[in-house]
>>> print(open('work.txt').read())   # compact mmCIF, C-alpha atoms
# COMPACT_ATOMS: atom_id res chain seq x y z
CA GLY A 1 -79.46 -92.99 8.27
CA PRO A 2 -76.37 -93.43 6.10
CA ASP A 3 -74.15 -93.64 9.19
CA ALA A 4 -75.56 -96.98 10.28
CA ILE A 5 -75.40 -98.32 6.73
CA LEU A 6 -71.81 -97.13 6.33
CA SER A 7 -70.52 -98.93 9.40
CA GLY A 8 -68.51 -102.10 9.22
CA ALA A 9 -66.84 -104.19 6.58
CA GLY A 10 -68.36 -106.05 3.65
CA VAL A 11 -70.76 -105.19 0.87
CA ARG A 12 -73.52 -102.71 1.63
CA TRP A 13 -76.19 -101.34 -0.70
CA LEU A 14 -77.65 -97.86 -0.62
CA PRO A 15 -80.90 -97.81 -2.60
CA VAL A 16 -81.63 -94.35 -4.02
CA VAL A 17 -85.03 -93.73 -5.59
CA HIS A 18 -84.87 -91.71 -8.83
CA GLU A 19 -86.56 -91.66 -12.22
CA ALA A 20 -85.65 -91.18 -15.88
CA ASN A 21 -81.88 -91.19 -15.31
CA GLY A 22 -79.84 -92.91 -18.01
CA PRO A 23 -76.06 -92.41 -18.15
CA ARG A 24 -76.00 -89.84 -15.31
CA SER A 25 -77.75 -89.50 -11.96
CA ARG A 26 -77.40 -86.36 -9.86
CA GLU A 27 -79.20 -88.11 -6.99
CA GLU A 28 -76.61 -90.90 -6.87
CA ALA A 29 -73.73 -88.41 -7.25
CA GLU A 30 -74.95 -86.56 -4.15
CA VAL A 31 -75.27 -89.82 -2.18
CA VAL A 32 -71.72 -90.75 -3.24
CA ALA A 33 -70.39 -87.41 -1.94
CA ASP A 34 -72.29 -87.86 1.36
CA ALA A 35 -70.93 -91.41 1.70
CA VAL A 36 -67.34 -90.26 1.10
CA GLU A 37 -67.74 -87.55 3.73
CA ALA A 38 -69.22 -90.05 6.21
CA LEU A 39 -66.40 -92.56 5.58
CA VAL A 40 -63.42 -90.23 5.94
CA GLY A 41 -61.93 -90.62 9.42
CA ARG A 42 -63.59 -94.00 10.08
CA THR A 43 -61.31 -96.79 11.25
CA TRP A 44 -60.78 -99.74 8.94
CA THR A 45 -58.67 -102.89 9.25
CA SER A 46 -56.17 -103.56 6.46
CA THR A 47 -55.53 -107.07 5.10
CA ASP A 48 -52.40 -107.28 7.28
CA GLY A 49 -54.41 -106.45 10.41
CA ARG A 50 -53.43 -102.79 10.86
CA ARG A 51 -56.16 -100.39 12.06
CA LEU A 52 -56.10 -97.27 9.91
CA GLU A 53 -58.20 -94.17 9.35
CA VAL A 54 -60.00 -93.89 6.02
CA GLU A 55 -58.51 -91.05 3.98
CA LEU A 56 -59.66 -89.69 0.62
CA HIS A 57 -57.06 -91.71 -1.30
CA ASP A 58 -58.36 -94.92 0.37
CA ILE A 59 -61.67 -94.60 -1.51
CA ILE A 60 -62.41 -95.22 -5.18
CA VAL A 61 -65.68 -94.46 -6.92
CA VAL A 62 -66.76 -96.62 -9.84
CA ALA A 63 -69.53 -95.85 -12.35
CA PRO A 64 -70.56 -97.61 -15.56
CA TYR A 65 -70.79 -94.53 -17.81
CA ASN A 66 -68.38 -91.69 -18.59
CA ALA A 67 -71.19 -89.16 -18.14
CA GLN A 68 -71.63 -90.29 -14.52
CA VAL A 69 -67.86 -90.39 -13.98
CA ASP A 70 -67.69 -86.72 -15.06
CA LEU A 71 -70.66 -85.75 -12.87
CA LEU A 72 -69.18 -87.60 -9.88
CA ARG A 73 -65.82 -85.86 -10.33
CA ARG A 74 -67.52 -82.45 -10.42
CA THR A 75 -69.79 -83.24 -7.45
CA LEU A 76 -66.87 -84.49 -5.33
CA ALA A 77 -64.71 -81.49 -6.32
CA VAL A 78 -67.45 -79.04 -5.29
CA ALA A 79 -67.68 -80.85 -1.92
CA GLY A 80 -63.89 -80.52 -1.45
CA LEU A 81 -63.39 -84.25 -2.05
CA GLY A 82 -61.77 -84.01 -5.47
CA GLU A 83 -58.80 -86.23 -4.48
CA VAL A 84 -61.02 -89.33 -4.61
CA PRO A 85 -60.29 -91.30 -7.82
CA VAL A 86 -63.37 -91.82 -10.01
CA GLY A 87 -63.57 -94.00 -13.11
CA THR A 88 -65.21 -96.87 -14.94
CA VAL A 89 -64.66 -100.52 -14.00
CA ASP A 90 -62.04 -100.77 -16.76
CA LYS A 91 -59.99 -97.93 -15.28
CA PHE A 92 -59.68 -99.69 -11.93
CA GLN A 93 -58.98 -103.19 -13.28
CA GLY A 94 -56.30 -104.67 -11.03
CA GLN A 95 -56.38 -101.78 -8.54
CA GLU A 96 -57.65 -101.92 -4.99
CA ALA A 97 -58.60 -99.43 -2.30
CA ALA A 98 -59.91 -99.73 1.24
CA VAL A 99 -63.39 -98.76 0.07
CA ALA A 100 -65.09 -98.98 -3.31
CA ILE A 101 -68.27 -97.01 -3.93
CA VAL A 102 -70.18 -98.16 -7.01
CA SER A 103 -72.88 -95.96 -8.59
CA LEU A 104 -75.06 -97.97 -10.98
CA THR A 105 -76.56 -94.65 -12.20
CA ALA A 106 -79.55 -95.72 -14.33
CA SER A 107 -83.05 -95.48 -12.84
CA SER A 108 -84.58 -98.61 -14.37
CA ALA A 109 -83.98 -101.27 -17.00
CA ALA A 110 -85.80 -99.06 -19.52
CA ASP A 111 -83.40 -96.16 -18.81
CA VAL A 112 -80.17 -98.16 -19.07
CA PRO A 113 -77.90 -97.09 -21.93
CA ARG A 114 -76.38 -100.17 -23.66
CA GLY A 115 -78.96 -102.47 -22.06
CA ILE A 116 -79.44 -103.88 -18.57
CA SER A 117 -77.06 -106.77 -19.29
CA PHE A 118 -74.17 -104.33 -19.55
CA LEU A 119 -75.04 -102.94 -16.13
CA LEU A 120 -75.74 -106.17 -14.26
CA GLN A 121 -73.11 -108.38 -15.90
CA ARG A 122 -71.83 -110.50 -13.03
CA ASN A 123 -68.12 -110.14 -13.81
CA ARG A 124 -68.38 -106.32 -14.19
CA LEU A 125 -70.26 -106.01 -10.88
CA ASN A 126 -67.83 -108.40 -9.17
CA VAL A 127 -64.81 -106.49 -10.46
CA ALA A 128 -66.33 -103.19 -9.31
CA ILE A 129 -67.23 -104.43 -5.84
CA SER A 130 -64.06 -106.45 -5.28
CA ARG A 131 -61.91 -103.31 -5.69
CA GLY A 132 -62.82 -102.56 -2.06
CA GLN A 133 -60.53 -104.47 0.31
CA TRP A 134 -62.52 -103.56 3.42
CA ALA A 135 -65.92 -102.40 2.25
CA ALA A 136 -67.93 -101.80 -0.91
CA TYR A 137 -71.06 -99.70 -1.27
CA LEU A 138 -73.42 -100.35 -4.15
CA ILE A 139 -75.58 -97.29 -4.84
CA HIS A 140 -78.52 -98.17 -7.07
CA SER A 141 -82.12 -97.45 -7.95
CA PRO A 142 -84.41 -100.13 -6.49
CA ALA A 143 -86.33 -100.06 -9.81
CA LEU A 144 -83.35 -101.75 -11.55
CA ARG A 145 -84.73 -104.98 -10.07
CA ASP A 146 -88.17 -104.57 -11.68
CA TYR A 147 -88.04 -105.96 -15.18
CA LEU A 148 -88.74 -109.23 -16.97
CA PRO A 149 -85.60 -110.89 -18.38
CA HIS A 150 -86.07 -112.43 -21.84
CA THR A 151 -83.09 -114.83 -21.91
CA PRO A 152 -81.64 -117.35 -19.43
CA GLN A 153 -78.47 -115.24 -19.19
CA ALA A 154 -80.49 -112.10 -18.39
CA LEU A 155 -82.43 -114.05 -15.75
CA ALA A 156 -79.17 -115.21 -14.17
CA GLU A 157 -77.85 -111.61 -14.13
CA LEU A 158 -81.02 -110.28 -12.52
CA SER A 159 -81.12 -113.05 -9.89
CA GLY A 160 -77.45 -112.43 -9.05
CA PHE A 161 -78.17 -108.70 -8.65
CA ILE A 162 -81.21 -109.37 -6.47
CA ARG A 163 -79.17 -111.74 -4.26
CA LEU A 164 -76.45 -109.09 -4.02
CA THR A 165 -78.89 -106.32 -3.04
CA THR A 166 -81.12 -108.30 -0.67
CA PRO A 167 -80.15 -108.14 3.01
CA ALA A 168 -79.30 -111.52 4.52
CA PRO A 169 -81.76 -112.48 7.27
CA THR A 170 -80.28 -111.69 10.66
CA ALA A 171 -80.14 -114.50 13.20
CA GLY A 172 -82.11 -114.29 16.42
>>> encode(input="work.txt", output="structure tokens")
Amino acid sequence: GPDAILSGAGVRWLPVVHEANGPRSREEAEVVADAVEALVGRTWTSTDGRRLEVELHDIIVVAPYNAQVDLLRRTLAVAGLGEVPVGTVDKFQGQEAAVAIVSLTASSAADVPRGISFLLQRNRLNVAISRGQWAAYLIHSPALRDYLPHTPQALAELSGFIRLTTPAPTAG
């Protein structure tokens, strides 16, 4: 369940199967709210070694589209989690939090507003994920990986995304 996935530091991915979602995904918004609820009260270790409890203001939620930002704000508010800051990558440029939750929103390459390159651009993804000092959660549709890139740059973006969302083999 999400509890096992949400334990520990580092980058984690939460694949969410959905279809025909472009700039907003109710399914991902609900997973974001569940993740926030599961994270609050967990212990995390700050960069200076202090052990702290995750509070609402320690979490930021990042989405690529304003429509998803609005939906996430409403979904979190309804769940009583409205204190959690939500915005696009650009809004959080230069800011950090204990935990970053990133909702990629679109169901597949065909559903992506502004093109898949906008969504999988390495520096945008890196900026989004690196906002989390302790942990980052990447919520995405597995179908985002299923398309044929038509340029070397698009191939590089897809391969970077696949590396990011593929579990490392565990030793032993």
>>> closest_atom_pairs(input="work.txt", of="range 3-47 of chain A", to="range 127-146 of chain A", cutoff="8 Å", atoms="only C-alpha atoms", output="tab-separated table")
residue	atom	partner	partner_atom	distance
A:Gly8	CA	A:Ala135	CA	7.4
A:Ala9	CA	A:Ala135	CA	4.8
A:Gly10	CA	A:Ala135	CA	4.6
A:Val11	CA	A:Ala136	CA	4.8
A:Arg12	CA	A:Tyr137	CA	4.8
A:Trp13	CA	A:Leu138	CA	4.5
A:Leu14	CA	A:Ile139	CA	4.7
A:Pro15	CA	A:His140	CA	5.1
A:Val16	CA	A:Ser141	CA	5.0
A:Val17	CA	A:Ser141	CA	5.3
A:His18	CA	A:Ser141	CA	6.4
A:Glu28	CA	A:Ile139	CA	6.8
A:Val31	CA	A:Ile139	CA	7.9
A:Val32	CA	A:Ile139	CA	7.8
A:Trp44	CA	A:Trp134	CA	6.9
A:Thr45	CA	A:Trp134	CA	7.0
A:Ser46	CA	A:Trp134	CA	7.0
A:Thr47	CA	A:Gln133	CA	7.4
>>> closest_atom_pairs(input="work.txt", of="range 16-104 of chain A", to="range 117-124 of chain A", cutoff="9 Å", atoms="all atoms listed in the file", output="tab-separated table")
residue	atom	partner	partner_atom	distance
A:Pro64	CA	A:Leu119	CA	7.0
A:Val89	CA	A:Arg124	CA	6.9
A:Asp90	CA	A:Arg124	CA	8.8
A:Leu104	CA	A:Leu119	CA	7.2
>>> closest_residue(input="work.txt", among="A:Tyr147, A:Val61, A:Leu76, A:Gln95", to="Ser107 in chain A", atoms="all atoms listed in the file")
A:Tyr147
>>> residues_around(input="work.txt", residues="Ala29 in chain A", least_positions_apart="2", cutoff="8 Å", atoms="all atoms listed in the file", output="list in words")
Ser25, Arg26, Glu27, Val31, Val32, Ala33, Gln68, Leu71, Leu72, Thr75 and Ser103 of chain A
>>> atom_distance(input="work.txt", atom1="CA of Val102 in chain A", atom2="CA of Glu30 in chain A")
12.9 Å
>>> atom_distance(input="work.txt", atom1="CA of Ala38 in chain A", atom2="CA of Leu81 in chain A")
11.7 Å
>>> atom_distance(input="work.txt", atom1="CA of Ala106 in chain A", atom2="CA of Arg73 in chain A")
17.4 Å
>>> closest_residue(input="work.txt", among="A:Val62, A:Val40, A:Ala77, A:Asp34", to="Ile101 in chain A", atoms="all atoms listed in the file")
A:Val62
>>> residues_around(input="work.txt", residues="Glu53 in chain A", least_positions_apart="6", cutoff="6 Å", atoms="only C-alpha atoms", output="PDB file with C-alpha atoms, keeping the file's coordinate frame")
ATOM      1  CA  GLY A  41     -61.930 -90.620   9.420  1.00  0.00           C
ATOM      2  CA  ARG A  42     -63.590 -94.000  10.080  1.00  0.00           C
ATOM      3  CA  THR A  43     -61.310 -96.790  11.250  1.00  0.00           C
TER       4      THR A  43
END
>>> closest_residue(input="work.txt", among="A:Pro167, A:Gly115, A:Gln93, A:Val36", to="Val54 in chain A", atoms="all atoms listed in the file")
A:Val36
>>> closest_residue(input="work.txt", among="A:Ala110, A:Ile116, A:Leu52, A:Leu125", to="Thr88 in chain A", atoms="all atoms listed in the file")
A:Leu125
>>> residues_around(input="work.txt", residues="Ser159 in chain A", least_positions_apart="4", cutoff="10 Å", atoms="only C-alpha atoms", output="tab-separated table (two decimals) with C-alpha atoms, keeping the file's coordinate frame")
chain	number	residue	atom	x	y	z
A	120	LEU	CA	-75.74	-106.17	-14.26
A	145	ARG	CA	-84.73	-104.98	-10.07
A	149	PRO	CA	-85.60	-110.89	-18.38
A	153	GLN	CA	-78.47	-115.24	-19.19
A	154	ALA	CA	-80.49	-112.10	-18.39
A	155	LEU	CA	-82.43	-114.05	-15.75
A	163	ARG	CA	-79.17	-111.74	-4.26
A	164	LEU	CA	-76.45	-109.09	-4.02
A	165	THR	CA	-78.89	-106.32	-3.04
>>> decode(input="work.txt", residues="range 13-102 of chain A", atoms="C-alpha atoms", output="short mmCIF file (atom, residue, chain, number, x, y, z; two decimals), in the first residue's frame")
data_model
loop_
_atom_site.label_atom_id
_atom_site.label_comp_id
_atom_site.auth_asym_id
_atom_site.auth_seq_id
_atom_site.Cartn_x
_atom_site.Cartn_y
_atom_site.Cartn_z
CA TRP A 13 7.19 7.09 -7.67
CA LEU A 14 3.50 6.37 -7.29
CA PRO A 15 2.11 5.14 -10.61
CA VAL A 16 -1.61 5.92 -10.95
CA VAL A 17 -3.51 4.39 -13.85
CA HIS A 18 -5.93 6.82 -15.54
CA GLU A 19 -7.11 7.67 -19.04
CA ALA A 20 -7.94 10.74 -21.12
CA ASN A 21 -6.68 13.26 -18.56
CA GLY A 22 -4.93 16.31 -20.00
CA PRO A 23 -4.27 19.35 -17.81
CA ARG A 24 -6.14 17.94 -14.78
CA SER A 25 -6.39 14.52 -13.13
CA ARG A 26 -8.84 13.88 -10.31
CA GLU A 27 -7.23 10.45 -9.75
CA GLU A 28 -3.82 12.00 -9.11
CA ALA A 29 -5.33 14.76 -6.94
CA GLU A 30 -6.87 12.11 -4.68
CA VAL A 31 -3.56 10.20 -4.45
CA VAL A 32 -1.80 13.47 -3.55
CA ALA A 33 -4.29 14.10 -0.71
CA ASP A 34 -3.85 10.50 0.55
CA ALA A 35 -0.06 10.87 0.41
CA VAL A 36 -0.14 14.15 2.37
CA GLU A 37 -2.32 12.52 5.03
CA ALA A 38 0.01 9.51 5.23
CA LEU A 39 3.11 11.73 5.52
CA VAL A 40 1.91 14.09 8.26
CA GLY A 41 3.35 12.98 11.59
CA ARG A 42 6.12 10.86 10.03
CA THR A 43 9.64 11.51 11.28
CA TRP A 44 12.15 12.99 8.86
CA THR A 45 15.79 14.01 9.26
CA SER A 46 16.68 17.59 8.34
CA THR A 47 19.91 18.49 6.52
CA ASP A 48 21.45 19.49 9.87
CA GLY A 49 20.63 16.08 11.37
CA ARG A 50 17.59 17.01 13.48
CA ARG A 51 14.73 14.48 13.62
CA LEU A 52 11.44 16.28 13.07
CA GLU A 53 7.80 15.42 12.48
CA VAL A 54 6.39 16.18 9.04
CA GLU A 55 3.82 18.98 9.29
CA LEU A 56 1.59 20.39 6.55
CA HIS A 57 3.93 23.33 5.91
CA ASP A 58 6.84 20.87 5.37
CA ILE A 59 5.19 19.57 2.18
CA ILE A 60 4.87 21.25 -1.21
CA VAL A 61 2.84 19.94 -4.13
CA VAL A 62 4.01 20.68 -7.66
CA ALA A 63 1.99 20.24 -10.87
CA PRO A 64 2.74 21.26 -14.46
CA TYR A 65 -0.61 22.89 -15.26
CA ASN A 66 -2.67 25.60 -13.54
CA ALA A 67 -5.82 23.49 -13.95
CA GLN A 68 -4.24 20.72 -11.86
CA VAL A 69 -2.89 23.25 -9.34
CA ASP A 70 -6.47 24.54 -8.84
CA LEU A 71 -7.89 21.00 -8.56
CA LEU A 72 -5.16 20.01 -6.07
CA ARG A 73 -5.85 23.09 -3.93
CA ARG A 74 -9.57 22.28 -3.84
CA THR A 75 -8.99 18.57 -3.15
CA LEU A 76 -6.55 19.31 -0.31
CA ALA A 77 -8.87 21.97 1.17
CA VAL A 78 -11.81 19.53 1.21
CA ALA A 79 -9.58 17.00 3.01
CA GLY A 80 -8.65 19.64 5.62
CA LEU A 81 -5.12 19.92 4.22
CA GLY A 82 -5.47 23.35 2.65
CA GLU A 83 -2.30 24.72 4.34
CA VAL A 84 -0.11 22.70 1.96
CA PRO A 85 1.38 25.03 -0.70
CA VAL A 86 0.53 24.00 -4.27
CA GLY A 87 1.95 25.51 -7.45
CA THR A 88 3.80 25.06 -10.71
CA VAL A 89 7.55 24.41 -10.90
CA ASP A 90 8.09 28.12 -11.58
CA LYS A 91 6.32 29.12 -8.36
CA PHE A 92 8.67 27.02 -6.23
CA GLN A 93 11.91 27.96 -8.02
CA GLY A 94 14.52 28.40 -5.29
CA GLN A 95 12.24 27.13 -2.49
CA GLU A 96 12.63 23.90 -0.59
CA ALA A 97 10.49 21.80 1.73
CA ALA A 98 11.02 18.52 3.55
CA VAL A 99 8.83 16.72 1.02
CA ALA A 100 7.91 17.53 -2.57
CA ILE A 101 4.98 15.74 -4.19
CA VAL A 102 4.91 16.08 -7.97
#
